[in-house]
Amino acid sequence: MAAAESQARGHTPGKGRPTPKRRDAGGRRRGPAPPPPKTQREAIKLARRNRANRSERRKQAADQRSRMKRGDDSALPTRDRGPVKAFVRDAVDARRHLMGLFLPLAGLVFLSLVLPIPQIQQYISVFCMAMMAAMILEGALLGRRVVKQARERFPKERINGPGLGWYTFARASQLRKLRVPKPRVDVGASV
């Protein structure tokens with residue numbers, strides 16, 4: 001009985017079908033590469049076909065990007081999909097955060113490295129360290145608060161606390177204008 005119980009805990013069931021071969025799983029067309037064009041005319045036709053395909057791919061990519069910026073759930077990357085992530089984005093976008101100043105702070109650090117005056121470098125360094133500590137503290141508190149709110153609002157969803165907290169931290173540390181998908185709520189809105 002103990003052997004059956006340990007096998008049940010440590011056993012991963014099979015998927016019910018054989019693992020596909022690499023060439024079959026890739027889905028690519030097999031066989032030799034097409035021969036190079038023999039004449040100038042063939043080369044021009046091939047180039048036109050490739051150009052048309054390239055422009056079509058660019059149009060599709062632009063459409064995908066615009067849908068993603070608008071927040072269309074089907075166009076979002078997997079990490080941004082779902083009602084929980086939408087709630088987190090709205091909760092972060094509803095107010096201003098000190099962490100949103102991370103990029104300007106990085107520019108200030110770079111400026112302090114270029115300045116030849118050691119006293120100014122020292123003051124900027126101390127200021128930047130204090131800001132970083134405040135940003136980390138704010139990020140941890142914000143992550144905990146948003147994860148708690150998400151668990152209350154979505155009790156049936158399986159929520160990974162550290163993962164959702166990190167998602168919150170990463171969203172809040174971006175400048176508001178650079179966030180993708182774009183913020184849906186205004187600053188000060190209740191979520």
# chains A, B, ... in the order shown; residues from 1 in each chain; ligands from 1

call {"tool": "residues_around", "arguments": {"residues": "Tyr167 in chain A", "least_positions_apart": "3", "cutoff": "9 Å", "atoms": "only C-alpha atoms", "output": "MDAnalysis selection string"}}
result
chainID A and resid 79:80 85 88:89 143 162:164 170:172

call {"tool": "write_last_selection", "arguments": {"atoms": "N, CA, C and O atoms", "output": "short mmCIF file (atom, residue, chain, number, x, y, z; two decimals), in the first residue's frame"}}
result
data_model
loop_
_atom_site.label_atom_id
_atom_site.label_comp_id
_atom_site.auth_asym_id
_atom_site.auth_seq_id
_atom_site.Cartn_x
_atom_site.Cartn_y
_atom_site.Cartn_z
N ARG A 79 1.51 36.48 -20.81
CA ARG A 79 1.70 36.99 -19.45
C ARG A 79 0.72 38.10 -19.10
O ARG A 79 0.52 38.42 -17.93
N ASP A 80 0.10 38.77 -20.11
CA ASP A 80 -0.79 39.89 -19.86
C ASP A 80 -2.27 39.53 -20.01
O ASP A 80 -3.12 40.40 -19.88
N LYS A 85 -5.01 39.91 -14.59
CA LYS A 85 -3.96 40.83 -15.05
C LYS A 85 -4.54 42.18 -15.45
O LYS A 85 -3.93 43.22 -15.22
N VAL A 88 -5.02 44.06 -12.30
CA VAL A 88 -3.74 44.55 -11.78
C VAL A 88 -3.30 45.79 -12.56
O VAL A 88 -2.87 46.79 -11.97
N ARG A 89 -3.42 45.73 -13.89
CA ARG A 89 -3.02 46.90 -14.70
C ARG A 89 -3.86 48.12 -14.32
O ARG A 89 -3.32 49.22 -14.16
N GLY A 143 2.68 45.56 -4.31
CA GLY A 143 2.47 44.18 -4.76
C GLY A 143 1.61 43.40 -3.79
O GLY A 143 0.67 42.70 -4.20
N PRO A 162 3.67 35.69 -5.57
CA PRO A 162 4.92 36.33 -5.99
C PRO A 162 4.92 36.74 -7.47
O PRO A 162 5.42 37.80 -7.83
N GLY A 163 4.34 35.91 -8.32
CA GLY A 163 4.31 36.23 -9.75
C GLY A 163 3.46 37.46 -10.03
O GLY A 163 3.85 38.35 -10.80
N LEU A 164 2.29 37.53 -9.41
CA LEU A 164 1.41 38.68 -9.61
C LEU A 164 2.00 39.93 -8.96
O LEU A 164 1.86 41.03 -9.49
N ALA A 170 6.60 45.44 -11.86
CA ALA A 170 7.13 45.77 -13.18
C ALA A 170 6.25 46.80 -13.89
O ALA A 170 6.76 47.71 -14.55
N ARG A 171 4.95 46.67 -13.78
CA ARG A 171 4.04 47.62 -14.42
C ARG A 171 4.19 49.00 -13.80
O ARG A 171 4.22 50.01 -14.50
N ALA A 172 4.30 49.07 -12.47
CA ALA A 172 4.40 50.36 -11.79
C ALA A 172 5.74 51.04 -12.02
O ALA A 172 5.83 52.27 -11.93
#

call {"tool": "residues_around", "arguments": {"residues": "Ala106 in chain A", "least_positions_apart": "6", "cutoff": "12 Å", "atoms": "only C-alpha atoms", "output": "PDB file with all heavy atoms, in the first residue's frame"}}
result
ATOM      1  N   MET A  99       7.751  54.608  -8.099  1.00  0.00           N
ATOM      2  CA  MET A  99       8.524  53.701  -8.951  1.00  0.00           C
ATOM      3  C   MET A  99       8.503  54.116 -10.412  1.00  0.00           C
ATOM      4  O   MET A  99       9.359  53.712 -11.187  1.00  0.00           O
ATOM      5  CB  MET A  99       7.985  52.276  -8.833  1.00  0.00           C
ATOM      6  CG  MET A  99       8.218  51.678  -7.484  1.00  0.00           C
ATOM      7  SD  MET A  99       7.619  49.996  -7.391  1.00  0.00           S
ATOM      8  CE  MET A  99       5.911  50.183  -7.786  1.00  0.00           C
ATOM      9  N   GLY A 100       7.535  54.923 -10.812  1.00  0.00           N
ATOM     10  CA  GLY A 100       7.476  55.409 -12.180  1.00  0.00           C
ATOM     11  C   GLY A 100       8.634  56.322 -12.529  1.00  0.00           C
ATOM     12  O   GLY A 100       8.874  56.622 -13.698  1.00  0.00           O
ATOM     13  N   SER A 112      25.496  61.746 -12.943  1.00  0.00           N
ATOM     14  CA  SER A 112      26.441  61.876 -11.825  1.00  0.00           C
ATOM     15  C   SER A 112      27.789  61.236 -12.158  1.00  0.00           C
ATOM     16  O   SER A 112      28.816  61.655 -11.635  1.00  0.00           O
ATOM     17  CB  SER A 112      25.863  61.264 -10.550  1.00  0.00           C
ATOM     18  OG  SER A 112      25.903  59.859 -10.613  1.00  0.00           O
ATOM     19  N   LEU A 113      27.780  60.222 -13.005  1.00  0.00           N
ATOM     20  CA  LEU A 113      29.043  59.596 -13.402  1.00  0.00           C
ATOM     21  C   LEU A 113      29.853  60.499 -14.323  1.00  0.00           C
ATOM     22  O   LEU A 113      31.075  60.456 -14.332  1.00  0.00           O
ATOM     23  CB  LEU A 113      28.773  58.267 -14.104  1.00  0.00           C
ATOM     24  CG  LEU A 113      28.163  57.166 -13.245  1.00  0.00           C
ATOM     25  CD1 LEU A 113      27.813  55.963 -14.105  1.00  0.00           C
ATOM     26  CD2 LEU A 113      29.108  56.771 -12.137  1.00  0.00           C
ATOM     27  N   ILE A 124      24.327  63.205  -5.212  1.00  0.00           N
ATOM     28  CA  ILE A 124      23.439  62.498  -6.136  1.00  0.00           C
ATOM     29  C   ILE A 124      23.403  61.009  -5.804  1.00  0.00           C
ATOM     30  O   ILE A 124      22.353  60.369  -5.852  1.00  0.00           O
ATOM     31  CB  ILE A 124      23.859  62.749  -7.606  1.00  0.00           C
ATOM     32  CG1 ILE A 124      23.577  64.206  -7.978  1.00  0.00           C
ATOM     33  CG2 ILE A 124      23.123  61.821  -8.556  1.00  0.00           C
ATOM     34  CD1 ILE A 124      24.027  64.594  -9.365  1.00  0.00           C
ATOM     35  N   SER A 125      24.551  60.455  -5.448  1.00  0.00           N
ATOM     36  CA  SER A 125      24.619  59.035  -5.107  1.00  0.00           C
ATOM     37  C   SER A 125      23.765  58.718  -3.882  1.00  0.00           C
ATOM     38  O   SER A 125      23.001  57.738  -3.874  1.00  0.00           O
ATOM     39  CB  SER A 125      26.072  58.636  -4.868  1.00  0.00           C
ATOM     40  OG  SER A 125      26.158  57.308  -4.471  1.00  0.00           O
ATOM     41  N   PHE A 127      21.234  60.499  -2.743  1.00  0.00           N
ATOM     42  CA  PHE A 127      19.839  60.720  -3.124  1.00  0.00           C
ATOM     43  C   PHE A 127      19.295  59.519  -3.901  1.00  0.00           C
ATOM     44  O   PHE A 127      18.185  59.054  -3.632  1.00  0.00           O
ATOM     45  CB  PHE A 127      19.724  62.003  -3.967  1.00  0.00           C
ATOM     46  CG  PHE A 127      18.363  62.216  -4.540  1.00  0.00           C
ATOM     47  CD1 PHE A 127      17.313  62.620  -3.742  1.00  0.00           C
ATOM     48  CD2 PHE A 127      18.129  61.999  -5.895  1.00  0.00           C
ATOM     49  CE1 PHE A 127      16.048  62.818  -4.269  1.00  0.00           C
ATOM     50  CE2 PHE A 127      16.873  62.184  -6.433  1.00  0.00           C
ATOM     51  CZ  PHE A 127      15.824  62.597  -5.622  1.00  0.00           C
ATOM     52  N   CYS A 128      20.067  59.017  -4.850  1.00  0.00           N
ATOM     53  CA  CYS A 128      19.623  57.886  -5.673  1.00  0.00           C
ATOM     54  C   CYS A 128      19.464  56.617  -4.844  1.00  0.00           C
ATOM     55  O   CYS A 128      18.531  55.836  -5.068  1.00  0.00           O
ATOM     56  CB  CYS A 128      20.593  57.653  -6.834  1.00  0.00           C
ATOM     57  SG  CYS A 128      20.502  58.942  -8.085  1.00  0.00           S
ATOM     58  N   MET A 129      20.359  56.396  -3.892  1.00  0.00           N
ATOM     59  CA  MET A 129      20.228  55.219  -3.030  1.00  0.00           C
ATOM     60  C   MET A 129      18.961  55.308  -2.176  1.00  0.00           C
ATOM     61  O   MET A 129      18.249  54.311  -2.000  1.00  0.00           O
ATOM     62  CB  MET A 129      21.463  55.080  -2.122  1.00  0.00           C
ATOM     63  CG  MET A 129      22.717  54.706  -2.871  1.00  0.00           C
ATOM     64  SD  MET A 129      22.592  53.124  -3.691  1.00  0.00           S
ATOM     65  CE  MET A 129      22.692  52.042  -2.303  1.00  0.00           C
ATOM     66  N   MET A 131      16.241  56.993  -2.928  1.00  0.00           N
ATOM     67  CA  MET A 131      15.108  56.814  -3.838  1.00  0.00           C
ATOM     68  C   MET A 131      14.913  55.337  -4.181  1.00  0.00           C
ATOM     69  O   MET A 131      13.779  54.855  -4.235  1.00  0.00           O
ATOM     70  CB  MET A 131      15.310  57.632  -5.115  1.00  0.00           C
ATOM     71  CG  MET A 131      15.128  59.121  -4.936  1.00  0.00           C
ATOM     72  SD  MET A 131      13.416  59.572  -4.627  1.00  0.00           S
ATOM     73  CE  MET A 131      12.721  59.298  -6.239  1.00  0.00           C
ATOM     74  N   MET A 132      15.998  54.634  -4.438  1.00  0.00           N
ATOM     75  CA  MET A 132      15.892  53.209  -4.764  1.00  0.00           C
ATOM     76  C   MET A 132      15.291  52.427  -3.596  1.00  0.00           C
ATOM     77  O   MET A 132      14.449  51.555  -3.797  1.00  0.00           O
ATOM     78  CB  MET A 132      17.271  52.636  -5.128  1.00  0.00           C
ATOM     79  CG  MET A 132      17.775  53.051  -6.482  1.00  0.00           C
ATOM     80  SD  MET A 132      16.742  52.483  -7.828  1.00  0.00           S
ATOM     81  CE  MET A 132      17.030  50.743  -7.746  1.00  0.00           C
ATOM     82  N   SER A 173       6.781  50.278 -12.337  1.00  0.00           N
ATOM     83  CA  SER A 173       8.101  50.885 -12.510  1.00  0.00           C
ATOM     84  C   SER A 173       8.309  51.456 -13.906  1.00  0.00           C
ATOM     85  O   SER A 173       9.335  52.061 -14.171  1.00  0.00           O
ATOM     86  CB  SER A 173       9.199  49.868 -12.195  1.00  0.00           C
ATOM     87  OG  SER A 173       9.172  48.817 -13.130  1.00  0.00           O
TER      88      SER A 173
END

call {"tool": "closest_residue", "arguments": {"among": "A:Leu101, A:Arg57, A:Pro18, A:Gly82", "to": "Glu157 in chain A", "atoms": "only C-alpha atoms"}}
result
A:Gly82

call {"tool": "atom_distance", "arguments": {"atom1": "CA of Ala75 in chain A", "atom2": "CA of Glu56 in chain A"}}
result
17.6 Å

call {"tool": "select_by_dssp", "arguments": {"residues": "chain A", "states": "alpha helix (DSSP H)", "output": "ChimeraX atom specification"}}
result
/A:2-10,22-26,40-70,83-93,102-114,118-153,161-172

call {"tool": "atom_distance", "arguments": {"atom1": "CA of Ala134 in chain A", "atom2": "CA of Pro183 in chain A"}}
result
23.9 Å

call {"tool": "atom_distance", "arguments": {"atom1": "CA of Lys182 in chain A", "atom2": "CA of Ile136 in chain A"}}
result
23.7 Å

call {"tool": "residues_around", "arguments": {"residues": "Val146 in chain A", "least_positions_apart": "4", "cutoff": "9 Å", "atoms": "only C-alpha atoms", "output": "count of residues only"}}
result
11

call {"tool": "closest_residue", "arguments": {"among": "A:Lys45, A:Pro118, A:Val84, A:Leu175", "to": "Lys148 in chain A", "atoms": "only C-alpha atoms"}}
result
A:Val84
